[in-house]
Amino acid sequence: MKLPVTAWIVMMHHQEAGTFAPAFPSLDEAEEFSNAMRATTEGFAIAEAVPMVQTTTIHAREMIDR
C-alpha cells in the first residue's frame with residue numbers, strides 16, 4: 001500500500017532559535033526554500049525535504065466525540 005504524501009517538510013535547526021519544520025505542498029517548493037535558506041543564512045542546519053505521509057484518517061465527528 002502506497003501512503004499519500006500530504007506535504008513536504010524541511011527540518012531546520014539553529015542553536016539559539018531552536019528546531020522548526022515548515023511544510024510545503026510540493027517537493028519543488030520545499031527544495032527551492034531549503035536551497036534559498038542555505039544560500040542566505042548562517043548557523044542553520046537545514047535538511048533535505050522529506051515527505052509527510054498520511055497514516056490514519058480522523059474524521060471531524062470522531063474528534064468531537066472524544
# chains A, B, ... in the order shown; residues from 1 in each chain; ligands from 1

$ select_by_dssp --residues "chain A" --states "strand (DSSP E or B)" --output "ChimeraX atom specification"
/A:5-9,12-14,18-20,23-24,44-46,50-53

$ write_last_selection --atoms "C-alpha atoms" --output "CSV table (one decimal), in the first residue's frame"
chain,number,residue,atom,x,y,z
A,5,VAL,CA,2.2,12.4,0.5
A,6,THR,CA,0.3,15.3,2.2
A,7,ALA,CA,3.2,17.8,2.4
A,8,TRP,CA,7.0,18.1,2.2
A,9,ILE,CA,8.8,19.1,5.3
A,12,MET,CA,15.8,23.3,10.3
A,13,HIS,CA,17.8,23.8,13.4
A,14,HIS,CA,19.6,26.8,14.9
A,18,GLY,CA,15.7,26.0,18.1
A,19,THR,CA,14.2,23.5,15.7
A,20,PHE,CA,11.3,24.0,13.3
A,23,ALA,CA,5.7,22.4,5.4
A,24,PHE,CA,5.2,22.9,1.6
A,44,PHE,CA,21.4,26.8,10.4
A,45,ALA,CA,21.4,23.1,9.9
A,46,ILE,CA,18.9,22.5,7.0
A,50,VAL,CA,11.2,14.8,3.4
A,51,PRO,CA,7.7,13.6,2.7
A,52,MET,CA,4.9,13.8,5.3
A,53,VAL,CA,2.5,10.9,4.8

$ atom_distance --atom1 "CA of Glu48 (chain A)" --atom2 "CA of Asn35 (chain A)"
8.9 Å

$ closest_residue --among "A:Ala47, A:Ser26, A:Glu32, A:Thr40" --to "Met11 (chain A)" --atoms "only C-alpha atoms"
A:Ala47

$ atom_distance --atom1 "CA of Pro4 (chain A)" --atom2 "CA of Thr56 (chain A)"
10.6 Å

$ decode --residues "region 32-57 of chain A" --atoms "N, CA, C and O atoms" --output "PDB file, in the first residue's frame"
ATOM      1  N   GLU A  32      13.228  24.495  -3.245  1.00  0.00           N
ATOM      2  CA  GLU A  32      13.568  25.888  -3.517  1.00  0.00           C
ATOM      3  C   GLU A  32      13.801  26.649  -2.206  1.00  0.00           C
ATOM      4  O   GLU A  32      14.760  27.409  -2.072  1.00  0.00           O
ATOM      5  N   PHE A  33      12.921  26.412  -1.224  1.00  0.00           N
ATOM      6  CA  PHE A  33      13.062  27.048   0.079  1.00  0.00           C
ATOM      7  C   PHE A  33      14.347  26.615   0.769  1.00  0.00           C
ATOM      8  O   PHE A  33      15.115  27.450   1.262  1.00  0.00           O
ATOM      9  N   SER A  34      14.614  25.314   0.819  1.00  0.00           N
ATOM     10  CA  SER A  34      15.805  24.834   1.532  1.00  0.00           C
ATOM     11  C   SER A  34      17.085  25.329   0.866  1.00  0.00           C
ATOM     12  O   SER A  34      18.029  25.723   1.547  1.00  0.00           O
ATOM     13  N   ASN A  35      17.115  25.371  -0.444  1.00  0.00           N
ATOM     14  CA  ASN A  35      18.303  25.885  -1.143  1.00  0.00           C
ATOM     15  C   ASN A  35      18.489  27.375  -0.891  1.00  0.00           C
ATOM     16  O   ASN A  35      19.612  27.842  -0.677  1.00  0.00           O
ATOM     17  N   ALA A  36      17.402  28.133  -0.893  1.00  0.00           N
ATOM     18  CA  ALA A  36      17.493  29.572  -0.623  1.00  0.00           C
ATOM     19  C   ALA A  36      17.959  29.824   0.805  1.00  0.00           C
ATOM     20  O   ALA A  36      18.771  30.726   1.045  1.00  0.00           O
ATOM     21  N   MET A  37      17.463  29.043   1.754  1.00  0.00           N
ATOM     22  CA  MET A  37      17.881  29.210   3.142  1.00  0.00           C
ATOM     23  C   MET A  37      19.360  28.886   3.317  1.00  0.00           C
ATOM     24  O   MET A  37      20.068  29.572   4.048  1.00  0.00           O
ATOM     25  N   ARG A  38      19.835  27.847   2.648  1.00  0.00           N
ATOM     26  CA  ARG A  38      21.265  27.502   2.725  1.00  0.00           C
ATOM     27  C   ARG A  38      22.133  28.623   2.155  1.00  0.00           C
ATOM     28  O   ARG A  38      23.214  28.907   2.656  1.00  0.00           O
ATOM     29  N   ALA A  39      21.648  29.265   1.091  1.00  0.00           N
ATOM     30  CA  ALA A  39      22.426  30.305   0.420  1.00  0.00           C
ATOM     31  C   ALA A  39      22.433  31.628   1.183  1.00  0.00           C
ATOM     32  O   ALA A  39      23.370  32.412   1.044  1.00  0.00           O
ATOM     33  N   THR A  40      21.403  31.872   1.990  1.00  0.00           N
ATOM     34  CA  THR A  40      21.274  33.206   2.594  1.00  0.00           C
ATOM     35  C   THR A  40      21.416  33.242   4.113  1.00  0.00           C
ATOM     36  O   THR A  40      21.364  34.324   4.693  1.00  0.00           O
ATOM     37  N   THR A  41      21.578  32.112   4.763  1.00  0.00           N
ATOM     38  CA  THR A  41      21.671  32.111   6.222  1.00  0.00           C
ATOM     39  C   THR A  41      22.950  31.436   6.683  1.00  0.00           C
ATOM     40  O   THR A  41      23.548  30.653   5.963  1.00  0.00           O
ATOM     41  N   GLU A  42      23.344  31.738   7.923  1.00  0.00           N
ATOM     42  CA  GLU A  42      24.479  31.079   8.562  1.00  0.00           C
ATOM     43  C   GLU A  42      24.022  30.531   9.898  1.00  0.00           C
ATOM     44  O   GLU A  42      23.131  31.085  10.541  1.00  0.00           O
ATOM     45  N   GLY A  43      24.612  29.445  10.319  1.00  0.00           N
ATOM     46  CA  GLY A  43      24.309  28.884  11.625  1.00  0.00           C
ATOM     47  C   GLY A  43      23.102  27.966  11.653  1.00  0.00           C
ATOM     48  O   GLY A  43      22.698  27.504  12.716  1.00  0.00           O
ATOM     49  N   PHE A  44      22.494  27.698  10.501  1.00  0.00           N
ATOM     50  CA  PHE A  44      21.352  26.794  10.428  1.00  0.00           C
ATOM     51  C   PHE A  44      21.787  25.447   9.875  1.00  0.00           C
ATOM     52  O   PHE A  44      22.566  25.374   8.925  1.00  0.00           O
ATOM     53  N   ALA A  45      21.276  24.382  10.461  1.00  0.00           N
ATOM     54  CA  ALA A  45      21.395  23.055   9.874  1.00  0.00           C
ATOM     55  C   ALA A  45      20.074  22.826   9.145  1.00  0.00           C
ATOM     56  O   ALA A  45      19.004  22.865   9.760  1.00  0.00           O
ATOM     57  N   ILE A  46      20.132  22.632   7.836  1.00  0.00           N
ATOM     58  CA  ILE A  46      18.925  22.516   7.019  1.00  0.00           C
ATOM     59  C   ILE A  46      18.954  21.183   6.290  1.00  0.00           C
ATOM     60  O   ILE A  46      19.882  20.887   5.533  1.00  0.00           O
ATOM     61  N   ALA A  47      17.921  20.377   6.529  1.00  0.00           N
ATOM     62  CA  ALA A  47      17.835  19.048   5.929  1.00  0.00           C
ATOM     63  C   ALA A  47      17.219  19.117   4.534  1.00  0.00           C
ATOM     64  O   ALA A  47      16.592  20.107   4.158  1.00  0.00           O
ATOM     65  N   GLU A  48      17.404  18.045   3.787  1.00  0.00           N
ATOM     66  CA  GLU A  48      16.693  17.907   2.523  1.00  0.00           C
ATOM     67  C   GLU A  48      15.209  17.729   2.829  1.00  0.00           C
ATOM     68  O   GLU A  48      14.827  17.292   3.919  1.00  0.00           O
ATOM     69  N   ALA A  49      14.366  18.045   1.872  1.00  0.00           N
ATOM     70  CA  ALA A  49      12.922  17.892   2.054  1.00  0.00           C
ATOM     71  C   ALA A  49      12.565  16.413   2.242  1.00  0.00           C
ATOM     72  O   ALA A  49      13.111  15.551   1.559  1.00  0.00           O
ATOM     73  N   VAL A  50      11.679  16.153   3.182  1.00  0.00           N
ATOM     74  CA  VAL A  50      11.202  14.792   3.433  1.00  0.00           C
ATOM     75  C   VAL A  50       9.681  14.784   3.327  1.00  0.00           C
ATOM     76  O   VAL A  50       9.019  15.757   3.688  1.00  0.00           O
ATOM     77  N   PRO A  51       9.101  13.677   2.846  1.00  0.00           N
ATOM     78  CA  PRO A  51       7.652  13.636   2.703  1.00  0.00           C
ATOM     79  C   PRO A  51       6.949  13.414   4.044  1.00  0.00           C
ATOM     80  O   PRO A  51       7.435  12.684   4.904  1.00  0.00           O
ATOM     81  N   MET A  52       5.815  14.062   4.204  1.00  0.00           N
ATOM     82  CA  MET A  52       4.936  13.789   5.332  1.00  0.00           C
ATOM     83  C   MET A  52       3.788  12.975   4.743  1.00  0.00           C
ATOM     84  O   MET A  52       3.158  13.390   3.763  1.00  0.00           O
ATOM     85  N   VAL A  53       3.551  11.801   5.312  1.00  0.00           N
ATOM     86  CA  VAL A  53       2.516  10.929   4.763  1.00  0.00           C
ATOM     87  C   VAL A  53       1.367  10.755   5.739  1.00  0.00           C
ATOM     88  O   VAL A  53       1.557  10.781   6.958  1.00  0.00           O
ATOM     89  N   GLN A  54       0.194  10.589   5.181  1.00  0.00           N
ATOM     90  CA  GLN A  54      -0.988  10.344   5.993  1.00  0.00           C
ATOM     91  C   GLN A  54      -0.994   8.864   6.374  1.00  0.00           C
ATOM     92  O   GLN A  54      -0.923   7.992   5.522  1.00  0.00           O
ATOM     93  N   THR A  55      -1.053   8.583   7.668  1.00  0.00           N
ATOM     94  CA  THR A  55      -1.054   7.188   8.114  1.00  0.00           C
ATOM     95  C   THR A  55      -2.398   6.758   8.677  1.00  0.00           C
ATOM     96  O   THR A  55      -2.700   5.583   8.726  1.00  0.00           O
ATOM     97  N   THR A  56      -3.191   7.708   9.141  1.00  0.00           N
ATOM     98  CA  THR A  56      -4.528   7.395   9.645  1.00  0.00           C
ATOM     99  C   THR A  56      -5.493   8.479   9.193  1.00  0.00           C
ATOM    100  O   THR A  56      -5.105   9.614   8.915  1.00  0.00           O
ATOM    101  N   THR A  57      -6.753   8.107   9.141  1.00  0.00           N
ATOM    102  CA  THR A  57      -7.794   9.060   8.790  1.00  0.00           C
ATOM    103  C   THR A  57      -8.619   9.345  10.029  1.00  0.00           C
ATOM    104  O   THR A  57      -9.125   8.431  10.670  1.00  0.00           O
TER     105      THR A  57
END
